[in-house]
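Please read the structure below before turning to the comments.
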Amino acid sequence: MIADRELKDVILKEIKNIFQAELKGIYAPEETDVLFFRLTEAYFGINRIGLALQPELVLRKEEDDRLFAALHELKQHRPVQQILGSTLFYGLELKVNEHVLIPRPETEELVDWICSDYGHKSGLSVLDIGTGSGCIAIALARNLPGARVTAVDLSEAALETARENAGMHGADIRFIREDILKAHKLPEENIDIIVSNPPYVRNMEAREIKKNVLKHEPHKALFVPDDTPLVFYEKIARLASGHLAKGGSLYFEINQYLGKEMIKMIGDTGFKNSILKKDASGNDRMLKAFC
């Protein structure tokens with residue numbers, strides 16, 4: 001249908017119908033609408049209400065080319081955030097690409113938990129392990145007054161993206177490339193907040209992951225072996241137990257199926273207290289540990 005279209009001006013509402021037809025079987029109709037209006041708002045400043053008020057709105061050929069190019073990408077299961085090159089996280093626009101995970105709403109909930117716990121304090125030391133796009137580190141740097149933030153990641157490509165995002169928002173963050181599984185100590189001492197959203201999807205759970213994630217987001221940031229699913233958590237917890245300041249806390253985003261296992265592991269690594277918290281969907285998604 002895309003290849004057969006005439007090279008002429010097109011009514012935007014007709015393009016919306018083409019999106020529905022072309023993406024049938026890939027996305028639900030309501031999800032296709034969300035994607036369509038996300039693109040029109042980004043490209044032309046036109047949202048759902050705007051189209052409803054102007055149902056005969058026409059796009060010039062050079063304008064609608066952008067939408068049809070995006071449609072082609074969507075048919076290849078490319079995430080709309082990668083098509084646009086950015087996404088919103090905790091009120092901040094961040095660049096994203098194939099080298100970093102696209103920040104999720106659940107991770108915003110983790111940041112919000114930390115800000116709720118520590119937002120009244122200033123000058124805190126913060127370490128973000130597995131920073132990816134830098135979303136957690138940047139959000140905390142912007143919302144915790146005077147925070148000294150360090151962010152670690154194995155991927156240099158991810159760190160380049162994180163540095164660019166930090167620069168966009170004036171966030172003064174120290175970025176370090178390191179494989180946390182090989183580390184013998186953390187880059188800071190007496191840290192008030194250690195936070196990590198490490199790989200936690202077991203390989204056997206890959207069938208539950210949408211194709212746009214499987215095909216276009218970095219697997220190293222997603223998957224862990226079935227037989228050692230807590231490998232990152234255990235290593236980070238053991239390192240954290242010797243590097244947290246008095247009154248400090250360790251925060252994790254976790255696999256929703258492994259809450260009980262996480263609680264046990266945290267206790268085994270020397271933390272006397274832990275809190276398991278559900279996300280907005282009712283899944284075990286966050287954990288806080290402290291002594």
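Each chain of the structure tokens is named A, B, ... in the order shown, its residues numbered from 1; ligands are numbered from 1 in display order.
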
Identify, on the basis of only C-alpha atoms, every residue whose closest approach to Ser196 of chain A does not exceed 8 Å; exclude the query and any residue fewer than 5 positions from it along the same chain; express the result as a list in words. Asp128, Ile129, Gly130, Thr131, Tyr251, Phe252 and Glu253 of chain A

Mind writing the picked residues with all heavy atoms as an mmCIF file, in the first residue's frame?
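For reference, again-v1.cif as written:
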```cif
data_model
loop_
_atom_site.group_PDB
_atom_site.id
_atom_site.type_symbol
_atom_site.label_atom_id
_atom_site.label_comp_id
_atom_site.auth_asym_id
_atom_site.auth_seq_id
_atom_site.Cartn_x
_atom_site.Cartn_y
_atom_site.Cartn_z
ATOM 1 N N ASP A 128 25.024 5.377 40.159
ATOM 2 C CA ASP A 128 24.096 4.660 39.280
ATOM 3 C C ASP A 128 24.896 3.624 38.505
ATOM 4 O O ASP A 128 25.805 3.969 37.740
ATOM 5 C CB ASP A 128 23.418 5.660 38.327
ATOM 6 C CG ASP A 128 22.539 4.985 37.292
ATOM 7 O OD1 ASP A 128 22.039 3.880 37.563
ATOM 8 O OD2 ASP A 128 22.349 5.580 36.203
ATOM 9 N N ILE A 129 24.569 2.353 38.679
ATOM 10 C CA ILE A 129 25.316 1.261 38.053
ATOM 11 C C ILE A 129 24.508 0.694 36.890
ATOM 12 O O ILE A 129 23.389 0.229 37.069
ATOM 13 C CB ILE A 129 25.625 0.160 39.084
ATOM 14 C CG1 ILE A 129 26.482 0.725 40.220
ATOM 15 C CG2 ILE A 129 26.346 -1.017 38.408
ATOM 16 C CD1 ILE A 129 26.728 -0.251 41.354
ATOM 17 N N GLY A 130 25.103 0.728 35.689
ATOM 18 C CA GLY A 130 24.407 0.313 34.479
ATOM 19 C C GLY A 130 23.550 1.444 33.962
ATOM 20 O O GLY A 130 22.357 1.281 33.719
ATOM 21 N N THR A 131 24.157 2.596 33.747
ATOM 22 C CA THR A 131 23.394 3.831 33.524
ATOM 23 C C THR A 131 22.680 3.900 32.184
ATOM 24 O O THR A 131 21.681 4.582 32.048
ATOM 25 C CB THR A 131 24.315 5.062 33.708
ATOM 26 O OG1 THR A 131 23.521 6.236 33.838
ATOM 27 C CG2 THR A 131 25.301 5.212 32.543
ATOM 28 N N TYR A 251 19.087 0.743 45.971
ATOM 29 C CA TYR A 251 17.814 0.605 45.264
ATOM 30 C C TYR A 251 18.019 -0.202 43.982
ATOM 31 O O TYR A 251 18.981 0.014 43.239
ATOM 32 C CB TYR A 251 17.252 1.975 44.876
ATOM 33 C CG TYR A 251 16.817 2.851 46.023
ATOM 34 C CD1 TYR A 251 17.734 3.662 46.678
ATOM 35 C CD2 TYR A 251 15.483 2.885 46.433
ATOM 36 C CE1 TYR A 251 17.337 4.487 47.724
ATOM 37 C CE2 TYR A 251 15.082 3.705 47.479
ATOM 38 C CZ TYR A 251 16.012 4.499 48.115
ATOM 39 O OH TYR A 251 15.613 5.321 49.144
ATOM 40 N N PHE A 252 17.079 -1.104 43.713
ATOM 41 C CA PHE A 252 17.114 -1.904 42.495
ATOM 42 C C PHE A 252 15.767 -1.844 41.781
ATOM 43 O O PHE A 252 14.711 -1.838 42.421
ATOM 44 C CB PHE A 252 17.366 -3.383 42.819
ATOM 45 C CG PHE A 252 18.779 -3.734 43.174
ATOM 46 C CD1 PHE A 252 19.031 -4.480 44.313
ATOM 47 C CD2 PHE A 252 19.843 -3.364 42.363
ATOM 48 C CE1 PHE A 252 20.331 -4.850 44.649
ATOM 49 C CE2 PHE A 252 21.149 -3.730 42.695
ATOM 50 C CZ PHE A 252 21.394 -4.469 43.832
ATOM 51 N N GLU A 253 15.803 -1.858 40.455
ATOM 52 C CA GLU A 253 14.641 -2.287 39.685
ATOM 53 C C GLU A 253 14.830 -3.770 39.452
ATOM 54 O O GLU A 253 15.941 -4.213 39.133
ATOM 55 C CB GLU A 253 14.539 -1.539 38.359
ATOM 56 C CG GLU A 253 13.312 -1.945 37.559
ATOM 57 C CD GLU A 253 13.091 -1.116 36.310
ATOM 58 O OE1 GLU A 253 13.387 0.097 36.334
ATOM 59 O OE2 GLU A 253 12.625 -1.676 35.310
#
```

Name the residues of segment 205-259 of chain A that fall into helix (DSSP H, G or I) according to DSSP on the backbone, using the chain letters and numbers of this document, as a list in words.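 Matching residues for helix (DSSP H, G or I) in segment 205-259 of chain A are Glu205, Ala206, Arg207, Glu208, Lys211, Asn212, Val213, Leu214, Lys215, His216, His219, Lys220, Ala221, Val231, Phe232, Tyr233, Glu234, Lys235, Ile236, Ala237, Arg238, Leu239, Ala240 and Gly259 of chain A.
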
Report as a Markdown table the residues of segment 203-287 of chain A within 12 Å of segment 27-32 of chain A, each with its shortest atom pair and distance in Å (one decimal), using only C-alpha atoms, ordered by chain and increasing residue number.
```
| residue | atom | partner | partner_atom | distance |
| --- | --- | --- | --- | --- |
| A:Lys210 | CA | A:Tyr27 | CA | 10.4 |
| A:Lys211 | CA | A:Tyr27 | CA | 10.7 |
| A:Asn212 | CA | A:Tyr27 | CA | 10.6 |
```

With only C-alpha atoms as the atoms that count, which of A:Ala141, A:Leu35, A:Val213, A:Ser241 lies nearest to Arg104 of chain A?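 Of A:Ala141, A:Leu35, A:Val213, A:Ser241, the one nearest Arg104 of chain A is A:Val213, counting only C-alpha atoms.
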
What gap, in Å, lies between atom CA of Ser249 of chain A and atom CA of Ile138 of chain A?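 Separating atom CA of Ser249 of chain A from atom CA of Ile138 of chain A is a distance of 18.4 Å.
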
If you run DSSP on the backbone, which residues of segment 39-221 of chain A are strand (DSSP E or B), as number ranges by chain? A: 58-59, 86-89, 92-95, 125-129, 148-153, 173-177, 191-196, 201-202

Considering only C-alpha atoms, can you say which of A:Val201, A:Lys220, A:Val126, A:Phe232 comes closest to Pro187 of chain A? A:Val126

Who sits within 9 Å of Asp64 of chain A, only C-alpha atoms, same chain under 2 positions skipped, as a compact mmCIF listing (two decimals) with N, CA, C and O atoms, in the first residue's frame:
```txt
# COMPACT_ATOMS: atom_id res chain seq x y z
N ASP A 9 -0.38 15.45 -2.62
CA ASP A 9 -0.77 15.84 -1.28
C ASP A 9 -1.82 14.87 -0.74
O ASP A 9 -2.67 14.37 -1.50
N VAL A 10 -1.78 14.60 0.56
CA VAL A 10 -2.67 13.61 1.16
C VAL A 10 -3.34 14.20 2.39
O VAL A 10 -2.71 14.92 3.17
N LEU A 12 -4.46 14.16 6.02
CA LEU A 12 -3.82 13.50 7.17
C LEU A 12 -4.68 12.36 7.71
O LEU A 12 -4.17 11.31 8.10
N ILE A 15 -4.00 9.25 5.91
CA ILE A 15 -2.74 8.62 6.30
C ILE A 15 -2.95 7.82 7.58
O ILE A 15 -2.38 6.73 7.74
N LEU A 59 -1.55 17.34 4.11
CA LEU A 59 -0.10 17.46 4.17
C LEU A 59 0.48 17.51 2.77
O LEU A 59 0.02 16.81 1.86
N ARG A 60 1.49 18.34 2.60
CA ARG A 60 2.20 18.39 1.32
C ARG A 60 3.02 17.11 1.17
O ARG A 60 3.37 16.45 2.14
N LYS A 61 3.35 16.77 -0.06
CA LYS A 61 4.09 15.54 -0.35
C LYS A 61 5.37 15.46 0.47
O LYS A 61 5.69 14.42 1.06
N GLU A 62 6.13 16.57 0.55
CA GLU A 62 7.39 16.54 1.27
C GLU A 62 7.19 16.35 2.78
O GLU A 62 8.09 15.90 3.49
N ARG A 66 7.74 12.02 5.60
CA ARG A 66 8.28 11.71 6.92
C ARG A 66 7.43 10.66 7.63
O ARG A 66 7.94 9.75 8.27
N LEU A 67 6.12 10.81 7.49
CA LEU A 67 5.22 9.85 8.13
C LEU A 67 5.33 8.47 7.49
O LEU A 67 5.35 7.44 8.18
N PHE A 68 5.42 8.42 6.16
CA PHE A 68 5.51 7.12 5.50
C PHE A 68 6.86 6.45 5.76
O PHE A 68 6.95 5.23 5.84
N ALA A 69 7.91 7.26 5.92
CA ALA A 69 9.21 6.69 6.29
C ALA A 69 9.14 6.10 7.70
O ALA A 69 9.66 5.01 7.96
```

Could you pull the residues within 8 Å of segment 269-275 of chain A, counting only C-alpha atoms, minus those fewer than 4 positions along the same chain, as a VMD selection string? chain A and resid 234 237 to 238 241 263 265 287 to 291

Between A:Lys75, A:Arg285, A:His99, A:Arg174, single out the one closest to Ser125 of chain A, counting only C-alpha atoms. A:Arg174

To one decimal place, how far is atom CA of Ala240 of chain A from atom CA of Val149 of chain A in Å?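 Here the two named atoms are 15.5 Å from each other.
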
Residues at most 10 Å from Ile114 of chain A, counting only C-alpha atoms, excluding those fewer than 4 positions away in the same chain, as an MDAnalysis selection string? chainID A and resid 108:110 118:119 140 143:144 193 195 249:251 288

Among listed residues A:Lys185, A:Arg207, A:Lys13, A:His72, nearest Gly242 of chain A (using only C-alpha atoms):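 Result for the nearest residue to Gly242 of chain A: A:Lys185.
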